[in-house]
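Taking it in order: structure first as structure tokens, then the write-up.
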Amino acid sequence: MVLFAYENALEQPSIQNIIMVDLKDIRKRTISVDDYIESLDDKNRDIVMEMYEQYDLDSNVVEELRDQMNNITTIVFSAAWCGDCKNAMPVIKLLVEQIGMEVRVFDKIKTAPLDPDHQWKIPPSPPEIEEWNVTAIPWFEFVDDAGNRIAQLIEKPKIKDTLEAEMLYVLKNK
């Protein structure tokens with residue numbers, strides 16, 4: 001099931017209710033996957049890079065995903081403290097290298113444990129984390145060139161065995 005954020009949760013889903021994304025602005029305020037990994041402390045960077053070196057992408061899925069990712073930017077909310085993020089970013093780095101997909105990362109995500117009205121601390125977390133109703137990370141938003149949020153993947157694979165297969169599934173069923 002693909003979920004979208006609506007300006008009013010009680011409204012019926014329609015294209016007009018989907019919040020548009022200003023990709024030019026997003027690109028200015030995010031970093032690449034490589035920059036994200038480089039910004040991690042030594043311990044977390046070592047964990048991510050070891051997984052990167054050991055992970056084998058499913059080549060059949062990658063070829064199909066290449067076609068699905070045309071003109072799509074993936075926006076990721078991620079944090080060094082998040083275990084699922086550490087599992088996801090090596091896969092994303094490999095996909096960037098193998099199919100040239102554009103990925104932009106919002107890093108420095110912080111929770112707000114003492115604020116009963118907010119899950120996330122803004123700043124340093126970007127305002128989109130609340131605007132898009134992000135509930136868990138990593139959070140992947142797939143956005144077309146026009147700025148339409150077309151699909152999302154939350155946290156980790158739930159239907160398929162691998163992240164790349166789950167991404168393909170989500171994009172095919174948008």
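Letters A, B, ... mark the chains of the structure tokens in the order given; residue numbers begin at 1 per chain; ligand numbers begin at 1, in order shown.
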
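Residues in contact with Tyr36 (chain A) at 10 Å, where only C-alpha atoms are counted and same-chain residues fewer than 5 positions away are skipped, are listed as Thr30, Ile31, Arg45, Ser78, Ala79, Ala80, Met89, Arg104, Val105, Phe106, Asp107 and Lys108 of chain A.
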
Output file for the selection above: N, CA and C atoms, as an mmCIF file, in the first residue's frame:
```
data_model
loop_
_atom_site.group_PDB
_atom_site.id
_atom_site.type_symbol
_atom_site.label_atom_id
_atom_site.label_comp_id
_atom_site.auth_asym_id
_atom_site.auth_seq_id
_atom_site.Cartn_x
_atom_site.Cartn_y
_atom_site.Cartn_z
ATOM 1 N N THR A 30 19.685 19.457 1.338
ATOM 2 C CA THR A 30 19.997 18.048 1.586
ATOM 3 C C THR A 30 21.400 17.746 1.097
ATOM 4 N N ILE A 31 21.849 16.524 1.372
ATOM 5 C CA ILE A 31 23.174 16.101 0.924
ATOM 6 C C ILE A 31 23.064 14.793 0.146
ATOM 7 N N ARG A 45 30.275 5.100 10.285
ATOM 8 C CA ARG A 45 30.749 5.020 8.900
ATOM 9 C C ARG A 45 31.324 3.633 8.625
ATOM 10 N N SER A 78 17.127 10.388 7.365
ATOM 11 C CA SER A 78 18.013 9.399 7.966
ATOM 12 C C SER A 78 18.776 10.015 9.133
ATOM 13 N N ALA A 79 19.271 9.159 10.014
ATOM 14 C CA ALA A 79 20.064 9.615 11.159
ATOM 15 C C ALA A 79 21.075 8.546 11.542
ATOM 16 N N ALA A 80 22.209 8.997 12.037
ATOM 17 C CA ALA A 80 23.295 8.092 12.423
ATOM 18 C C ALA A 80 22.874 7.126 13.524
ATOM 19 N N MET A 89 21.292 2.574 4.013
ATOM 20 C CA MET A 89 22.177 3.467 3.250
ATOM 21 C C MET A 89 23.216 2.734 2.396
ATOM 22 N N ARG A 104 18.626 12.363 -2.380
ATOM 23 C CA ARG A 104 18.956 13.500 -1.522
ATOM 24 C C ARG A 104 18.583 13.110 -0.096
ATOM 25 N N VAL A 105 19.481 13.397 0.846
ATOM 26 C CA VAL A 105 19.305 12.939 2.230
ATOM 27 C C VAL A 105 19.153 14.122 3.172
ATOM 28 N N PHE A 106 18.064 14.089 3.942
ATOM 29 C CA PHE A 106 17.935 14.957 5.108
ATOM 30 C C PHE A 106 18.590 14.191 6.248
ATOM 31 N N ASP A 107 19.683 14.720 6.783
ATOM 32 C CA ASP A 107 20.371 14.050 7.888
ATOM 33 C C ASP A 107 20.125 14.839 9.167
ATOM 34 N N LYS A 108 20.790 14.467 10.216
ATOM 35 C CA LYS A 108 20.680 15.153 11.515
ATOM 36 C C LYS A 108 19.249 15.162 12.057
#
```

So which residues touch region 124-129 of chain A within 6 Å, counting only C-alpha atoms, skipping near sequence neighbours fewer than 3 positions away, as a PDB file with C-alpha atoms, in the first residue's frame?
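Listing of result-v4.pdb after writing:
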```pdb
ATOM      1  CA  ILE A 109      17.177  13.942  12.333  1.00  0.00           C
ATOM      2  CA  LYS A 110      16.472  14.294  16.045  1.00  0.00           C
ATOM      3  CA  LYS A 121      12.942  18.241  17.082  1.00  0.00           C
ATOM      4  CA  TRP A 132       4.914  14.977   5.463  1.00  0.00           C
ATOM      5  CA  VAL A 134       7.007  11.143   8.918  1.00  0.00           C
TER       6      VAL A 134
END
```

Test item: residues at most 12 Å from region 141-148 of chain A, only C-alpha atoms, excluding those fewer than 4 positions along its chain, as a compact mmCIF listing (two decimals) with C-alpha atoms, in the first residue's frame:
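Output file around-v6.txt is given in full below:
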```
# COMPACT_ATOMS: atom_id res chain seq x y z
CA VAL A 2 1.38 3.39 -0.98
CA LEU A 3 0.56 6.24 1.37
CA PHE A 4 0.48 9.96 0.65
CA ALA A 5 0.32 13.00 2.89
CA ILE A 15 -4.03 14.59 -6.86
CA GLN A 16 -5.00 18.12 -5.76
CA ASN A 17 -4.49 17.22 -2.07
CA ILE A 18 -0.98 15.87 -2.44
CA ILE A 19 1.60 18.29 -1.07
CA MET A 20 4.00 19.30 -3.84
CA VAL A 21 7.77 19.33 -3.37
CA ASP A 22 10.09 22.14 -4.42
CA LEU A 23 12.98 19.95 -5.63
CA LYS A 24 15.27 22.92 -6.20
CA ASP A 25 14.89 23.93 -2.55
CA ILE A 26 15.19 20.32 -1.33
CA ARG A 27 18.43 19.88 -3.27
CA GLN A 68 11.18 2.77 -12.79
CA MET A 69 13.58 5.45 -11.48
CA ASN A 70 13.64 7.56 -14.67
CA ASN A 71 12.96 11.19 -13.72
CA ILE A 72 12.43 10.32 -10.06
CA THR A 73 14.31 11.79 -7.11
CA THR A 74 14.42 9.84 -3.87
CA ILE A 75 14.37 11.94 -0.70
CA VAL A 76 15.51 10.12 2.44
CA PHE A 77 15.16 11.09 6.10
CA SER A 78 18.01 9.40 7.97
CA MET A 101 19.36 7.30 -9.29
CA GLU A 102 19.22 10.73 -7.68
CA VAL A 103 19.03 10.53 -3.89
CA ARG A 104 18.96 13.50 -1.52
CA VAL A 105 19.31 12.94 2.23
CA PHE A 106 17.93 14.96 5.11
CA GLU A 128 9.17 18.45 6.06
CA ILE A 129 9.48 15.73 8.68
CA TRP A 132 4.91 14.98 5.46
CA ASN A 133 3.80 13.14 8.62
CA VAL A 134 7.01 11.14 8.92
CA ILE A 137 13.07 6.56 9.63
CA GLN A 152 6.93 6.34 -0.26
CA LEU A 153 8.66 3.54 1.58
CA ILE A 154 8.76 3.58 5.34
CA GLU A 155 11.60 2.20 7.44
CA MET A 167 11.44 -0.03 -3.78
CA LEU A 168 10.55 -1.68 -7.09
CA VAL A 170 6.32 0.39 -4.24
CA LEU A 171 7.08 2.18 -7.51
CA LYS A 172 5.25 -0.38 -9.64
CA LYS A 174 2.00 3.59 -6.97
```

Taking the DSSP secondary structure from the backbone, can you list the residues of chain A that are alpha helix (DSSP H), as JSON, numbers by chain? {"A": [23, 24, 25, 26, 27, 28, 29, 33, 34, 35, 36, 37, 38, 39, 42, 43, 44, 45, 46, 47, 48, 49, 50, 51, 52, 53, 54, 59, 60, 61, 62, 63, 64, 65, 66, 67, 68, 83, 84, 85, 86, 87, 88, 89, 90, 91, 92, 93, 94, 95, 96, 97, 98, 99, 128, 129, 130, 131, 163, 164, 165, 166, 167, 168, 169, 170, 171, 172]}

Just want the 9 Å neighbourhood of Asn87 (chain A), counted on only C-alpha atoms, with same-chain residues fewer than 6 positions away dropped. Output as a CSV table (one decimal) with N, CA and C atoms, in the first residue's frame.
```csv
chain,number,residue,atom,x,y,z
A,47,ILE,N,30.5,0.8,10.1
A,47,ILE,CA,29.4,-0.1,10.0
A,47,ILE,C,28.7,-0.1,8.6
A,48,VAL,N,28.4,1.1,8.2
A,48,VAL,CA,27.8,1.3,6.9
A,48,VAL,C,28.7,0.8,5.8
A,51,MET,N,28.9,-3.0,5.5
A,51,MET,CA,27.7,-3.6,4.9
A,51,MET,C,27.7,-3.3,3.4
A,52,TYR,N,28.1,-2.1,3.0
A,52,TYR,CA,28.2,-1.8,1.6
A,52,TYR,C,29.1,-2.7,0.8
A,156,LYS,N,11.7,0.0,6.4
A,156,LYS,CA,12.4,-1.2,5.9
A,156,LYS,C,11.4,-2.0,5.1
```

Each region 43-104 of chain A residue no farther than 12 Å from region 161-166 of chain A, nearest pair in Å, only C-alpha atoms, as CSV:
```
residue,atom,partner,partner_atom,distance
A:Tyr55,CA,A:Thr162,CA,10.7
A:Asp56,CA,A:Thr162,CA,10.4
A:Leu57,CA,A:Glu164,CA,7.4
A:Asp58,CA,A:Glu164,CA,7.6
A:Ser59,CA,A:Glu164,CA,9.8
A:Asn60,CA,A:Ala165,CA,9.4
A:Val61,CA,A:Ala165,CA,6.0
A:Val62,CA,A:Glu164,CA,7.1
A:Glu63,CA,A:Glu164,CA,10.6
A:Glu64,CA,A:Ala165,CA,9.5
A:Leu65,CA,A:Glu164,CA,7.7
A:Arg66,CA,A:Glu164,CA,10.6
A:Gln68,CA,A:Glu164,CA,11.6
A:Met69,CA,A:Glu164,CA,11.5
A:Asp84,CA,A:Leu163,CA,10.8
A:Cys85,CA,A:Leu163,CA,11.3
A:Asn87,CA,A:Leu163,CA,9.2
A:Ala88,CA,A:Leu163,CA,7.1
A:Met89,CA,A:Leu163,CA,10.0
A:Pro90,CA,A:Leu163,CA,10.4
A:Val91,CA,A:Leu163,CA,7.2
A:Ile92,CA,A:Glu164,CA,8.2
A:Lys93,CA,A:Glu164,CA,11.3
A:Leu94,CA,A:Glu164,CA,10.0
A:Leu95,CA,A:Glu164,CA,8.1
A:Val96,CA,A:Glu164,CA,11.4
A:Gln98,CA,A:Glu164,CA,11.9
A:Ile99,CA,A:Glu164,CA,11.6
```

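Proximity ranking of A:Glu130, A:Glu97, A:Gln119, A:Asn173 relative to Ser32 (chain A) places A:Glu97 first, based on only C-alpha atoms.
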
Taking the DSSP secondary structure from the backbone, can you list the residues of region 28-96 of chain A that are strand (DSSP E or B), as a PyMOL selection string? chain A and resi 31+72-77

Could you please determine the separation between CA of Tyr169 (chain A) and CA of Asp67 (chain A) in Å, to one decimal place?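 So the answer is 12.7 Å.
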